[in-house]
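Listing of protein_1.cif; format and content: mmCIF, C-alpha atoms and all ligand atoms.
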```
data_query
loop_
_atom_site.label_atom_id
_atom_site.label_comp_id
_atom_site.auth_asym_id
_atom_site.auth_seq_id
_atom_site.Cartn_x
_atom_site.Cartn_y
_atom_site.Cartn_z
CA MET J 1 0.00 0.00 0.00
CA THR J 2 1.51 3.33 -1.03
CA ARG J 3 1.77 5.83 1.84
CA LEU J 4 -0.27 9.00 1.25
CA THR J 5 1.51 12.34 1.41
CA PRO J 6 0.03 15.59 2.79
CA ASP J 7 0.04 16.99 -0.75
CA MET J 8 -2.12 14.11 -2.08
CA ILE J 9 -4.88 14.79 0.47
CA LYS J 10 -4.63 18.58 0.90
CA ASP J 11 -7.89 19.19 -1.03
CA VAL J 12 -9.94 16.55 0.83
CA PRO J 13 -11.05 18.40 4.03
CA GLU J 14 -12.80 21.18 2.04
CA ASP J 15 -13.60 18.88 -0.92
CA LYS J 16 -11.91 21.41 -3.22
CA ILE J 17 -12.18 19.05 -6.22
CA ASP J 18 -15.99 18.72 -5.69
CA LEU J 19 -15.70 14.94 -5.94
CA ASP J 20 -19.47 14.32 -5.93
CA THR J 21 -19.95 16.34 -9.11
CA ARG J 22 -17.22 14.33 -10.86
CA LEU J 23 -18.59 11.02 -9.57
CA LEU J 24 -22.16 11.91 -10.58
CA GLN J 25 -20.92 12.61 -14.12
CA ALA J 26 -18.99 9.34 -14.33
CA THR J 27 -21.22 6.99 -12.32
CA GLY J 28 -24.53 8.74 -11.63
CA LYS J 29 -23.84 8.41 -7.90
CA THR J 30 -22.22 10.48 -5.13
CA VAL J 31 -19.59 9.14 -2.72
CA LYS J 32 -22.41 8.44 -0.25
CA GLY J 33 -24.46 6.64 -2.90
CA ILE J 34 -21.51 4.44 -3.85
CA ALA J 35 -20.73 3.71 -0.20
CA LEU J 36 -24.35 2.74 0.56
CA GLU J 37 -24.45 0.41 -2.47
CA ALA J 38 -21.07 -1.07 -1.46
CA ALA J 39 -22.43 -1.71 2.04
CA ASP J 40 -25.68 -3.19 0.64
CA LEU J 41 -27.75 -0.50 2.39
CA PRO J 42 -30.78 1.39 0.99
CA ASP J 43 -30.08 4.77 -0.65
CA ASP J 44 -32.21 6.57 1.95
CA THR J 45 -30.35 5.13 4.96
CA ASP J 46 -30.03 7.77 7.71
CA LEU J 47 -26.51 7.64 9.17
CA SER J 48 -26.82 10.70 11.44
CA ARG J 49 -27.13 8.72 14.68
CA PHE J 50 -23.65 7.22 14.32
CA LYS J 51 -20.88 8.80 16.40
CA VAL J 52 -17.45 8.31 14.84
CA ALA J 53 -14.08 9.03 16.46
CA VAL J 54 -10.97 9.35 14.29
CA VAL J 55 -7.83 8.57 16.30
CA PRO J 56 -4.45 9.88 15.03
CA ILE J 57 -1.74 7.20 15.28
CA THR J 58 1.92 8.18 15.75
CA SER J 59 3.53 4.73 15.31
CA GLY J 60 6.04 3.86 12.58
CA LEU J 61 6.43 6.68 10.06
CA GLY J 62 3.99 8.69 12.18
CA ILE J 63 1.21 11.16 11.60
CA ILE J 64 0.40 12.23 8.03
CA SER J 65 -0.55 15.90 8.23
CA GLY J 66 -4.18 16.24 7.20
CA PHE J 67 -4.98 12.51 7.26
CA SER J 68 -7.24 12.51 10.37
CA ALA J 69 -8.87 15.79 9.29
CA SER J 70 -9.54 14.24 5.86
CA VAL J 71 -11.12 11.07 7.27
CA ASP J 72 -13.20 13.22 9.66
CA ALA J 73 -14.44 15.44 6.81
CA ILE J 74 -15.30 12.45 4.60
CA VAL J 75 -17.35 10.85 7.40
CA ARG J 76 -19.15 14.15 8.17
CA ARG J 77 -20.11 14.40 4.47
CA LEU J 78 -21.92 11.06 4.94
CA GLY J 79 -24.08 12.75 7.59
CA MET J 80 -22.43 11.00 10.54
CA ASP J 81 -21.39 12.77 13.77
CA SER J 82 -17.59 12.64 13.53
CA HIS J 83 -14.61 14.22 15.26
CA VAL J 84 -10.86 13.74 15.71
CA THR J 85 -9.81 12.79 19.25
CA LYS J 86 -7.58 15.22 21.16
CA GLY J 87 -5.29 12.36 22.18
CA THR J 88 -3.37 10.08 19.85
CA ASP J 89 -2.80 6.31 19.95
CA VAL J 90 -4.06 4.52 23.11
CA ASN J 91 -4.82 7.88 24.70
CA GLY J 92 -7.09 8.80 21.80
CA PHE J 93 -8.59 5.32 21.66
CA THR J 94 -9.45 5.54 25.39
CA GLU J 95 -10.99 8.99 24.86
CA ALA J 96 -13.17 7.51 22.09
CA ILE J 97 -14.32 4.63 24.31
CA ARG J 98 -15.17 6.95 27.22
CA GLU J 99 -17.21 9.32 25.05
CA GLY J 100 -19.19 6.37 23.69
CA ALA J 101 -18.09 6.37 20.06
CA ASP J 102 -20.01 3.83 17.94
CA ILE J 103 -17.22 3.56 15.35
CA ILE J 104 -13.49 4.20 15.73
CA MET J 105 -11.31 4.86 12.67
CA MET J 106 -7.52 4.78 12.79
CA ALA J 107 -4.52 3.92 10.64
CA ASP J 108 -0.94 2.91 11.19
CA ASP J 109 1.58 2.27 8.38
CA ASN J 110 0.04 -1.09 7.47
CA MET J 111 -3.67 -1.04 8.33
CA PHE J 112 -6.50 1.51 8.22
CA ILE J 113 -9.67 0.23 9.87
CA ALA J 114 -13.15 1.29 10.93
CA TYR J 115 -14.12 -0.61 14.09
CA ASN J 116 -17.76 -1.05 15.14
CA MET J 117 -17.52 -0.99 18.96
CA LYS J 118 -20.89 -2.60 19.66
CA GLU J 119 -20.74 -5.37 17.04
CA MET J 120 -16.96 -5.80 17.53
CA LYS J 121 -16.39 -5.96 13.76
CA GLU J 122 -13.74 -4.22 11.64
CA THR J 123 -13.75 -3.02 8.05
CA ASP J 124 -10.34 -2.40 6.51
CA ASN J 125 -9.29 0.06 3.82
CA SER J 126 -8.27 -2.50 1.20
CA TRP J 127 -11.70 -4.14 1.38
CA GLY J 128 -13.50 -0.78 1.40
CA THR J 129 -11.47 0.66 -1.47
CA ALA J 130 -11.86 -2.46 -3.63
CA LYS J 131 -15.62 -2.66 -3.00
CA GLY J 132 -16.18 1.06 -3.58
CA TYR J 133 -14.20 1.16 -6.83
CA ALA J 134 -15.85 -2.03 -8.12
CA VAL J 135 -19.26 -0.44 -7.45
CA ALA J 136 -18.12 2.78 -9.15
CA LEU J 137 -17.00 0.83 -12.24
CA LYS J 138 -20.26 -1.11 -12.33
CA ASN J 139 -22.28 2.12 -12.26
CA ALA J 140 -20.04 3.83 -14.82
CA ALA J 141 -20.34 0.83 -17.15
CA GLY J 142 -24.10 0.40 -16.70
CA GLY J 143 -23.61 -3.04 -15.14
CA LEU J 144 -20.83 -5.63 -15.51
CA GLU J 145 -22.79 -8.87 -16.15
CA GLY J 146 -20.84 -10.87 -18.75
CA LYS J 147 -18.43 -7.99 -19.50
CA ARG J 148 -14.63 -8.30 -19.58
CA VAL J 149 -12.91 -6.35 -16.83
CA LEU J 150 -9.14 -6.06 -16.31
CA VAL J 151 -7.77 -5.62 -12.79
CA ILE J 152 -4.30 -4.05 -12.83
CA GLY J 153 -2.34 -4.97 -9.71
CA ALA J 154 -2.77 -8.17 -7.67
CA GLY J 155 -2.10 -6.68 -4.25
CA MET J 156 -4.57 -6.38 -1.36
CA VAL J 157 -6.96 -4.03 -3.20
CA GLY J 158 -6.66 -5.89 -6.53
CA SER J 159 -7.33 -9.29 -5.01
CA TRP J 160 -10.47 -8.05 -3.24
CA ALA J 161 -11.54 -6.26 -6.44
CA VAL J 162 -11.28 -9.54 -8.40
CA ARG J 163 -13.69 -11.19 -5.98
CA PHE J 164 -16.19 -8.32 -5.99
CA LEU J 165 -16.13 -7.99 -9.79
CA LYS J 166 -16.73 -11.75 -10.15
CA ASP J 167 -19.69 -11.41 -7.76
CA MET J 168 -21.03 -8.71 -10.11
CA GLY J 169 -20.92 -11.20 -13.01
CA ALA J 170 -17.87 -9.79 -14.78
CA ASP J 171 -15.41 -11.89 -16.82
CA VAL J 172 -12.33 -10.87 -14.80
CA TYR J 173 -8.74 -10.77 -16.04
CA VAL J 174 -5.82 -9.70 -13.86
CA THR J 175 -2.29 -8.54 -14.57
CA ASP J 176 0.64 -7.61 -12.35
CA ILE J 177 4.32 -6.85 -12.98
CA VAL J 178 4.95 -9.96 -10.84
CA TYR J 179 3.06 -12.56 -12.92
CA GLU J 180 2.95 -15.10 -10.05
CA LYS J 181 0.87 -12.63 -7.99
CA ALA J 182 -1.68 -12.44 -10.81
CA GLU J 183 -1.61 -16.23 -11.21
CA ARG J 184 -2.53 -16.70 -7.52
CA LEU J 185 -5.89 -14.98 -8.20
CA LYS J 186 -6.98 -17.89 -10.43
CA GLU J 187 -8.38 -19.30 -7.17
CA TYR J 188 -11.02 -16.55 -7.30
CA GLY J 189 -11.83 -17.28 -10.95
CA ALA J 190 -9.70 -14.53 -12.45
CA LYS J 191 -7.67 -15.14 -15.65
CA PRO J 192 -4.03 -13.95 -15.29
CA LEU J 193 -2.41 -12.14 -18.22
CA ARG J 194 1.38 -12.00 -18.51
CA ASP J 195 1.80 -8.97 -20.79
CA VAL J 196 0.69 -5.94 -18.72
CA MET J 197 0.77 -3.33 -21.51
CA LYS J 198 -0.97 -5.63 -24.03
CA ALA J 199 -3.68 -6.44 -21.46
CA ILE J 200 -4.34 -2.75 -20.83
CA SER J 201 -4.44 -1.92 -24.55
CA GLU J 202 -7.02 -4.68 -25.18
CA ASN J 203 -9.48 -3.76 -22.41
CA THR J 204 -11.92 -0.89 -22.00
CA LEU J 205 -13.18 -1.67 -18.47
CA LEU J 206 -10.28 -1.45 -16.03
CA LEU J 207 -9.81 -1.27 -12.27
CA ASN J 208 -6.31 0.11 -11.74
CA ALA J 209 -5.21 -0.93 -8.24
CA ALA J 210 -1.49 -0.45 -8.90
CA PRO J 211 0.87 2.47 -8.26
CA PHE J 212 1.33 2.51 -12.00
CA ILE J 213 1.42 5.43 -14.44
CA ILE J 214 -0.11 4.19 -17.71
CA PRO J 215 1.19 5.83 -20.93
CA GLY J 216 -1.72 7.24 -22.99
CA GLU J 217 -0.45 5.48 -26.13
CA ILE J 218 -1.59 2.07 -24.85
CA ILE J 219 -5.01 3.16 -23.55
CA ALA J 220 -7.92 1.93 -25.71
CA GLU J 221 -10.42 4.52 -26.97
CA GLY J 222 -13.46 4.79 -24.69
CA SER J 223 -11.83 3.07 -21.69
CA ILE J 224 -13.39 3.47 -18.26
CA PHE J 225 -10.75 3.49 -15.52
CA SER J 226 -11.83 2.93 -11.93
CA SER J 227 -8.50 3.92 -10.46
CA PRO J 228 -7.81 3.88 -6.68
CA GLY J 229 -4.06 3.39 -7.11
CA VAL J 230 -1.72 6.11 -5.84
CA PRO J 231 0.37 7.81 -7.18
CA HIS J 232 -2.34 8.71 -9.70
CA TYR J 233 -1.52 10.21 -13.09
CA TYR J 234 -2.93 9.89 -16.62
CA ASP J 235 -1.29 11.95 -19.36
CA GLN J 236 -3.23 14.24 -21.71
CA LEU J 237 -3.44 11.59 -24.46
CA GLY J 238 -4.76 8.99 -22.00
CA ARG J 239 -7.38 11.34 -20.62
CA SER J 240 -8.53 12.31 -24.13
CA LYS J 241 -8.97 8.63 -25.11
CA ALA J 242 -10.61 7.49 -21.85
CA LYS J 243 -14.39 7.79 -21.44
CA ALA J 244 -13.95 8.22 -17.66
CA VAL J 245 -11.19 8.16 -15.06
CA ILE J 246 -12.57 7.68 -11.52
CA HIS J 247 -10.11 8.51 -8.76
CA ASP J 248 -9.73 10.01 -5.32
CA PRO J 249 -6.85 9.69 -2.84
CA LEU J 250 -8.97 8.54 0.14
CA GLU J 251 -12.69 9.38 -0.04
CA ILE J 252 -14.39 6.34 -1.57
CA GLY J 253 -12.39 3.83 0.52
CA ALA J 254 -12.91 5.70 3.80
CA ALA J 255 -16.61 6.28 3.07
CA VAL J 256 -17.22 2.59 2.34
CA MET J 257 -15.42 1.66 5.56
CA ALA J 258 -17.55 3.99 7.69
CA VAL J 259 -20.86 3.05 6.04
CA ASN J 260 -20.13 -0.68 6.06
CA SER J 261 -19.17 -0.40 9.74
CA ALA J 262 -22.48 1.33 10.51
CA GLY J 263 -24.17 -1.43 8.49
CA TYR J 264 -23.17 -4.02 11.08
CA SER J 265 -25.39 -2.18 13.60
CA ILE J 266 -28.18 -1.34 11.14
CA ARG J 267 -28.53 -4.97 10.08
CA LYS J 268 -28.91 -6.03 13.74
CA GLU J 269 -31.97 -3.81 14.22
C1 LIG J 301 -4.94 4.54 4.23
C2 LIG J 301 -4.09 5.09 3.10
C3 LIG J 301 -4.65 4.85 1.72
C4 LIG J 301 -3.44 4.70 0.88
N1 LIG J 301 -2.38 4.49 1.64
C5 LIG J 301 -2.73 4.40 3.02
C6 LIG J 301 -1.71 5.15 3.92
O1 LIG J 301 -1.18 6.17 3.55
N2 LIG J 301 -1.51 4.59 5.12
C7 LIG J 301 -0.72 5.23 6.15
C8 LIG J 301 -1.65 6.06 7.03
C9 LIG J 301 -0.92 6.60 8.23
C10 LIG J 301 -1.79 7.54 9.07
C11 LIG J 301 -1.08 8.09 10.29
C12 LIG J 301 -1.99 9.09 11.00
O2 LIG J 301 -1.96 10.29 10.61
O3 LIG J 301 -2.74 8.67 11.88
N3 LIG J 301 -0.69 6.99 11.21
#
```

In structure tokens, what does this structure look like?
Amino acid sequence: MTRLTPDMIKDVPEDKIDLDTRLLQATGKTVKGIALEAADLPDDTDLSRFKVAVVPITSGLGIISGFSASVDAIVRRLGMDSHVTKGTDVNGFTEAIREGADIIMMADDNMFIAYNMKEMKETDNSWGTAKGYAVALKNAAGGLEGKRVLVIGAGMVGSWAVRFLKDMGADVYVTDIVYEKAERLKEYGAKPLRDVMKAISENTLLLNAAPFIIPGEIIAEGSIFSSPGVPHYYDQLGRSKAKAVIHDPLEIGAAVMAVNSAGYSIRKE
């Protein structure tokens, strides 16, 4: 998982890129709509009763400036009652417990989770990102039943994405610069492709879960990229040929985590 930098997320707290407008154009849904679909919850689900605490974590490479504020802003935009704890680490976690948070969200260098305190269930960022971007692709493509989809990158996000796309009825291919990683996903019914560039040039529905900058020359006309991978860059030629490029540095993954975590409580009612 590539570590975010403050520059990558600087526009998230105030939503300066107006992500919902972009997502509505590409998928017909907002971040909240995608997150509710990803969590199998009705579109009119009211999330306002959920209290979320975001706990900054100083371990390892430490705090990423703006990360907690970004997660907090994303969760507030879902209509939940969210805040960042004053304390960090165990101090912050204890604060969250004492104030009765329903959901705690925190990330170290390896894991980013949303934890439902009452149901004692976690939702992690790889799962949330893969589910959210698979749902985004499905909406952008008008359904995936029987359609060929290429997953680029067989890491944590890519391997979840393969499973979700198969569940949506897609004919899933997967490629990775380490072919053996792609081959391992045959167990989920994906078809590994050895030649990465050729695979990309021959597909128009793609979920790019790799930190991989794709040269515009190889992009097929009318491609739809659902593209969570960071660093994120498509050159002018690639953007002119693509029908849509769906990307954000954190929002869709974090929103799916929070909504799916709330879903554990909603489904118990
Ligand atoms: C969760 C993000 C998505 C992509 N890469 C992942 C990443 O950057 N992980 C590290 C997050 C560290 C957060 C830091 C803090 O500010 O609490 N411990």

Using all atoms listed in the file, which residues sit within 8 Å of Leu4 (chain J) once same-chain residues fewer than 2 positions away are excluded, as a count of residues only?
-> 7

List all protein, DNA and RNA residues that have an atom no more than 8 Å from any atom of ligand LIG 301 (chain J), counting only C-alpha atoms and all ligand atoms, and report them as a ChimeraX atom specification.
-> /J:1-5,55-68,106-112,125,230,249-250,253

Go ahead and compute the interatomic distance for CA of Arg148 (chain J) and CA of Met257 (chain J), in Å to one decimal.
->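 Between CA of Arg148 (chain J) and CA of Met257 (chain J) the gap works out to 27.1 Å.
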
For Lys166 (chain J), work out the shell of residues within 10 Å, counting all atoms listed in the file and skipping chain neighbours fewer than 2 positions away, then give it as a ChimeraX atom specification.
-> /J:134,144-146,149,161-164,168-173,188-190

Could you save the residues just selected, with C-alpha atoms, as an mmCIF file, keeping the file's coordinate frame?
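Ended up saving to part.cif:
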```cif
data_model
loop_
_atom_site.group_PDB
_atom_site.id
_atom_site.type_symbol
_atom_site.label_atom_id
_atom_site.label_comp_id
_atom_site.auth_asym_id
_atom_site.auth_seq_id
_atom_site.Cartn_x
_atom_site.Cartn_y
_atom_site.Cartn_z
ATOM 1 C CA ALA J 134 -15.850 -2.030 -8.120
ATOM 2 C CA LEU J 144 -20.830 -5.630 -15.510
ATOM 3 C CA GLU J 145 -22.790 -8.870 -16.150
ATOM 4 C CA GLY J 146 -20.840 -10.870 -18.750
ATOM 5 C CA VAL J 149 -12.910 -6.350 -16.830
ATOM 6 C CA ALA J 161 -11.540 -6.260 -6.440
ATOM 7 C CA VAL J 162 -11.280 -9.540 -8.400
ATOM 8 C CA ARG J 163 -13.690 -11.190 -5.980
ATOM 9 C CA PHE J 164 -16.190 -8.320 -5.990
ATOM 10 C CA MET J 168 -21.030 -8.710 -10.110
ATOM 11 C CA GLY J 169 -20.920 -11.200 -13.010
ATOM 12 C CA ALA J 170 -17.870 -9.790 -14.780
ATOM 13 C CA ASP J 171 -15.410 -11.890 -16.820
ATOM 14 C CA VAL J 172 -12.330 -10.870 -14.800
ATOM 15 C CA TYR J 173 -8.740 -10.770 -16.040
ATOM 16 C CA TYR J 188 -11.020 -16.550 -7.300
ATOM 17 C CA GLY J 189 -11.830 -17.280 -10.950
ATOM 18 C CA ALA J 190 -9.700 -14.530 -12.450
#
```

For CA of Lys32 (chain J) and CA of His232 (chain J), the interatomic separation in Å (one decimal) |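 That distance, rounded to one decimal, is 22.2 Å.
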
In Å, rounded to a single decimal, give me how far CA of Leu47 (chain J) is from CA of Glu122 (chain J).
-> 17.6 Å

Give one line per residue of region 120-234 of chain J that approaches region 34-37 of chain J to at most 8 Å, naming the two atoms of the closest pair and their distance in Å to one decimal, counting all atoms listed in the file; sort by chain then ascending residue number and deliver it as JSON lines.
```
{"residue": "J:Gly132", "atom": "CA", "partner": "J:Ala35", "partner_atom": "CA", "distance": 6.3}
{"residue": "J:Val135", "atom": "CA", "partner": "J:Ile34", "partner_atom": "CA", "distance": 6.5}
{"residue": "J:Ala136", "atom": "CA", "partner": "J:Ile34", "partner_atom": "CA", "distance": 6.5}
```

For Ala244 (chain J), which residue among J:Lys10, J:Lys181, J:Arg194, J:Arg22 is the nearest when counting all atoms listed in the file?
->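 Checking each of J:Lys10, J:Lys181, J:Arg194, J:Arg22 against Ala244 (chain J), counting all atoms listed in the file, the winner is J:Arg22.
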
Rank nothing, just name the residue among J:Pro42, J:Pro228, J:Gly216, J:Gly142 nearest to Asp248 (chain J), using only C-alpha atoms.
-> J:Pro228

So, counting all atoms listed in the file, which residue among J:Gly33, J:Gly100, J:Gly238, J:Gly128 is closest to Met156 (chain J)?
->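 Distance minimum relative to Met156 (chain J) lands on J:Gly128.
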
Closest to Asn139 (chain J) among J:Asp40, J:Phe50, J:Gly229, J:Ile224, using only C-alpha atoms?
-> J:Ile224

Just write region 187-198 of chain J with all heavy atoms, as a PDB file, in the first residue's frame, taken from the block above.
```pdb
ATOM      1  N   GLU J 187      -7.520 -18.624  -8.165  1.00  0.00           N
ATOM      2  CA  GLU J 187      -8.381 -19.305  -7.173  1.00  0.00           C
ATOM      3  C   GLU J 187      -9.721 -18.575  -6.988  1.00  0.00           C
ATOM      4  O   GLU J 187     -10.684 -19.152  -6.510  1.00  0.00           O
ATOM      5  CB  GLU J 187      -7.654 -19.436  -5.823  1.00  0.00           C
ATOM      6  CG  GLU J 187      -7.501 -18.160  -5.046  1.00  0.00           C
ATOM      7  CD  GLU J 187      -7.027 -18.424  -3.600  1.00  0.00           C
ATOM      8  OE1 GLU J 187      -7.797 -19.007  -2.816  1.00  0.00           O
ATOM      9  OE2 GLU J 187      -5.878 -18.050  -3.299  1.00  0.00           O
ATOM     10  N   TYR J 188      -9.743 -17.286  -7.394  1.00  0.00           N
ATOM     11  CA  TYR J 188     -11.017 -16.549  -7.301  1.00  0.00           C
ATOM     12  C   TYR J 188     -11.712 -16.476  -8.666  1.00  0.00           C
ATOM     13  O   TYR J 188     -12.641 -15.686  -8.849  1.00  0.00           O
ATOM     14  CB  TYR J 188     -10.764 -15.134  -6.767  1.00  0.00           C
ATOM     15  CG  TYR J 188     -10.087 -15.109  -5.409  1.00  0.00           C
ATOM     16  CD1 TYR J 188      -8.880 -14.449  -5.224  1.00  0.00           C
ATOM     17  CD2 TYR J 188     -10.642 -15.788  -4.313  1.00  0.00           C
ATOM     18  CE1 TYR J 188      -8.246 -14.445  -3.982  1.00  0.00           C
ATOM     19  CE2 TYR J 188     -10.021 -15.793  -3.072  1.00  0.00           C
ATOM     20  CZ  TYR J 188      -8.822 -15.125  -2.915  1.00  0.00           C
ATOM     21  OH  TYR J 188      -8.188 -15.119  -1.693  1.00  0.00           O
ATOM     22  N   GLY J 189     -11.184 -17.248  -9.627  1.00  0.00           N
ATOM     23  CA  GLY J 189     -11.827 -17.281 -10.948  1.00  0.00           C
ATOM     24  C   GLY J 189     -11.342 -16.226 -11.896  1.00  0.00           C
ATOM     25  O   GLY J 189     -11.918 -16.004 -12.965  1.00  0.00           O
ATOM     26  N   ALA J 190     -10.238 -15.541 -11.537  1.00  0.00           N
ATOM     27  CA  ALA J 190      -9.695 -14.528 -12.453  1.00  0.00           C
ATOM     28  C   ALA J 190      -8.733 -15.201 -13.429  1.00  0.00           C
ATOM     29  O   ALA J 190      -8.150 -16.240 -13.121  1.00  0.00           O
ATOM     30  CB  ALA J 190      -8.950 -13.458 -11.669  1.00  0.00           C
ATOM     31  N   LYS J 191      -8.580 -14.594 -14.620  1.00  0.00           N
ATOM     32  CA  LYS J 191      -7.674 -15.141 -15.651  1.00  0.00           C
ATOM     33  C   LYS J 191      -6.436 -14.251 -15.710  1.00  0.00           C
ATOM     34  O   LYS J 191      -6.543 -13.081 -16.082  1.00  0.00           O
ATOM     35  CB  LYS J 191      -8.387 -15.167 -17.004  1.00  0.00           C
ATOM     36  CG  LYS J 191      -9.664 -16.043 -16.998  1.00  0.00           C
ATOM     37  CD  LYS J 191     -10.507 -15.780 -18.220  1.00  0.00           C
ATOM     38  CE  LYS J 191     -11.877 -16.458 -18.072  1.00  0.00           C
ATOM     39  NZ  LYS J 191     -12.822 -16.001 -19.127  1.00  0.00           N
ATOM     40  N   PRO J 192      -5.254 -14.782 -15.310  1.00  0.00           N
ATOM     41  CA  PRO J 192      -4.032 -13.953 -15.285  1.00  0.00           C
ATOM     42  C   PRO J 192      -3.496 -13.703 -16.691  1.00  0.00           C
ATOM     43  O   PRO J 192      -3.550 -14.589 -17.553  1.00  0.00           O
ATOM     44  CB  PRO J 192      -3.062 -14.801 -14.481  1.00  0.00           C
ATOM     45  CG  PRO J 192      -3.517 -16.209 -14.641  1.00  0.00           C
ATOM     46  CD  PRO J 192      -5.000 -16.163 -14.867  1.00  0.00           C
ATOM     47  N   LEU J 193      -3.024 -12.493 -16.928  1.00  0.00           N
ATOM     48  CA  LEU J 193      -2.411 -12.136 -18.219  1.00  0.00           C
ATOM     49  C   LEU J 193      -0.981 -11.696 -17.962  1.00  0.00           C
ATOM     50  O   LEU J 193      -0.736 -10.867 -17.080  1.00  0.00           O
ATOM     51  CB  LEU J 193      -3.213 -11.011 -18.892  1.00  0.00           C
ATOM     52  CG  LEU J 193      -4.656 -11.367 -19.265  1.00  0.00           C
ATOM     53  CD1 LEU J 193      -5.390 -10.126 -19.765  1.00  0.00           C
ATOM     54  CD2 LEU J 193      -4.688 -12.483 -20.308  1.00  0.00           C
ATOM     55  N   ARG J 194      -0.053 -12.231 -18.766  1.00  0.00           N
ATOM     56  CA  ARG J 194       1.376 -11.998 -18.507  1.00  0.00           C
ATOM     57  C   ARG J 194       1.836 -10.626 -18.995  1.00  0.00           C
ATOM     58  O   ARG J 194       2.558  -9.933 -18.309  1.00  0.00           O
ATOM     59  CB  ARG J 194       2.196 -13.113 -19.198  1.00  0.00           C
ATOM     60  CG  ARG J 194       3.612 -13.259 -18.707  1.00  0.00           C
ATOM     61  CD  ARG J 194       4.292 -14.425 -19.399  1.00  0.00           C
ATOM     62  NE  ARG J 194       3.843 -15.729 -18.891  1.00  0.00           N
ATOM     63  CZ  ARG J 194       4.338 -16.293 -17.770  1.00  0.00           C
ATOM     64  NH1 ARG J 194       5.221 -15.642 -17.052  1.00  0.00           N
ATOM     65  NH2 ARG J 194       3.910 -17.489 -17.368  1.00  0.00           N
ATOM     66  N   ASP J 195       1.313 -10.219 -20.185  1.00  0.00           N
ATOM     67  CA  ASP J 195       1.802  -8.973 -20.790  1.00  0.00           C
ATOM     68  C   ASP J 195       0.937  -7.802 -20.322  1.00  0.00           C
ATOM     69  O   ASP J 195      -0.169  -7.589 -20.822  1.00  0.00           O
ATOM     70  CB  ASP J 195       1.753  -9.117 -22.327  1.00  0.00           C
ATOM     71  CG  ASP J 195       2.346  -7.901 -23.022  1.00  0.00           C
ATOM     72  OD1 ASP J 195       2.274  -6.790 -22.442  1.00  0.00           O
ATOM     73  OD2 ASP J 195       2.883  -8.061 -24.147  1.00  0.00           O
ATOM     74  N   VAL J 196       1.463  -7.022 -19.375  1.00  0.00           N
ATOM     75  CA  VAL J 196       0.686  -5.944 -18.723  1.00  0.00           C
ATOM     76  C   VAL J 196       0.205  -4.919 -19.748  1.00  0.00           C
ATOM     77  O   VAL J 196      -0.974  -4.591 -19.827  1.00  0.00           O
ATOM     78  CB  VAL J 196       1.536  -5.243 -17.637  1.00  0.00           C
ATOM     79  CG1 VAL J 196       0.786  -4.052 -17.050  1.00  0.00           C
ATOM     80  CG2 VAL J 196       1.911  -6.230 -16.542  1.00  0.00           C
ATOM     81  N   MET J 197       1.144  -4.418 -20.572  1.00  0.00           N
ATOM     82  CA  MET J 197       0.774  -3.334 -21.511  1.00  0.00           C
ATOM     83  C   MET J 197      -0.247  -3.828 -22.540  1.00  0.00           C
ATOM     84  O   MET J 197      -1.204  -3.149 -22.867  1.00  0.00           O
ATOM     85  CB  MET J 197       2.025  -2.822 -22.225  1.00  0.00           C
ATOM     86  CG  MET J 197       3.076  -2.279 -21.278  1.00  0.00           C
ATOM     87  SD  MET J 197       2.412  -0.937 -20.229  1.00  0.00           S
ATOM     88  CE  MET J 197       3.842   0.093 -20.083  1.00  0.00           C
ATOM     89  N   LYS J 198      -0.035  -5.066 -23.022  1.00  0.00           N
ATOM     90  CA  LYS J 198      -0.973  -5.628 -24.026  1.00  0.00           C
ATOM     91  C   LYS J 198      -2.360  -5.780 -23.389  1.00  0.00           C
ATOM     92  O   LYS J 198      -3.371  -5.407 -23.996  1.00  0.00           O
ATOM     93  CB  LYS J 198      -0.433  -6.984 -24.501  1.00  0.00           C
ATOM     94  CG  LYS J 198      -1.273  -7.688 -25.586  1.00  0.00           C
ATOM     95  CD  LYS J 198      -0.485  -8.898 -26.173  1.00  0.00           C
ATOM     96  CE  LYS J 198      -1.284  -9.656 -27.227  1.00  0.00           C
ATOM     97  NZ  LYS J 198      -2.436 -10.408 -26.594  1.00  0.00           N
TER      98      LYS J 198
END
```
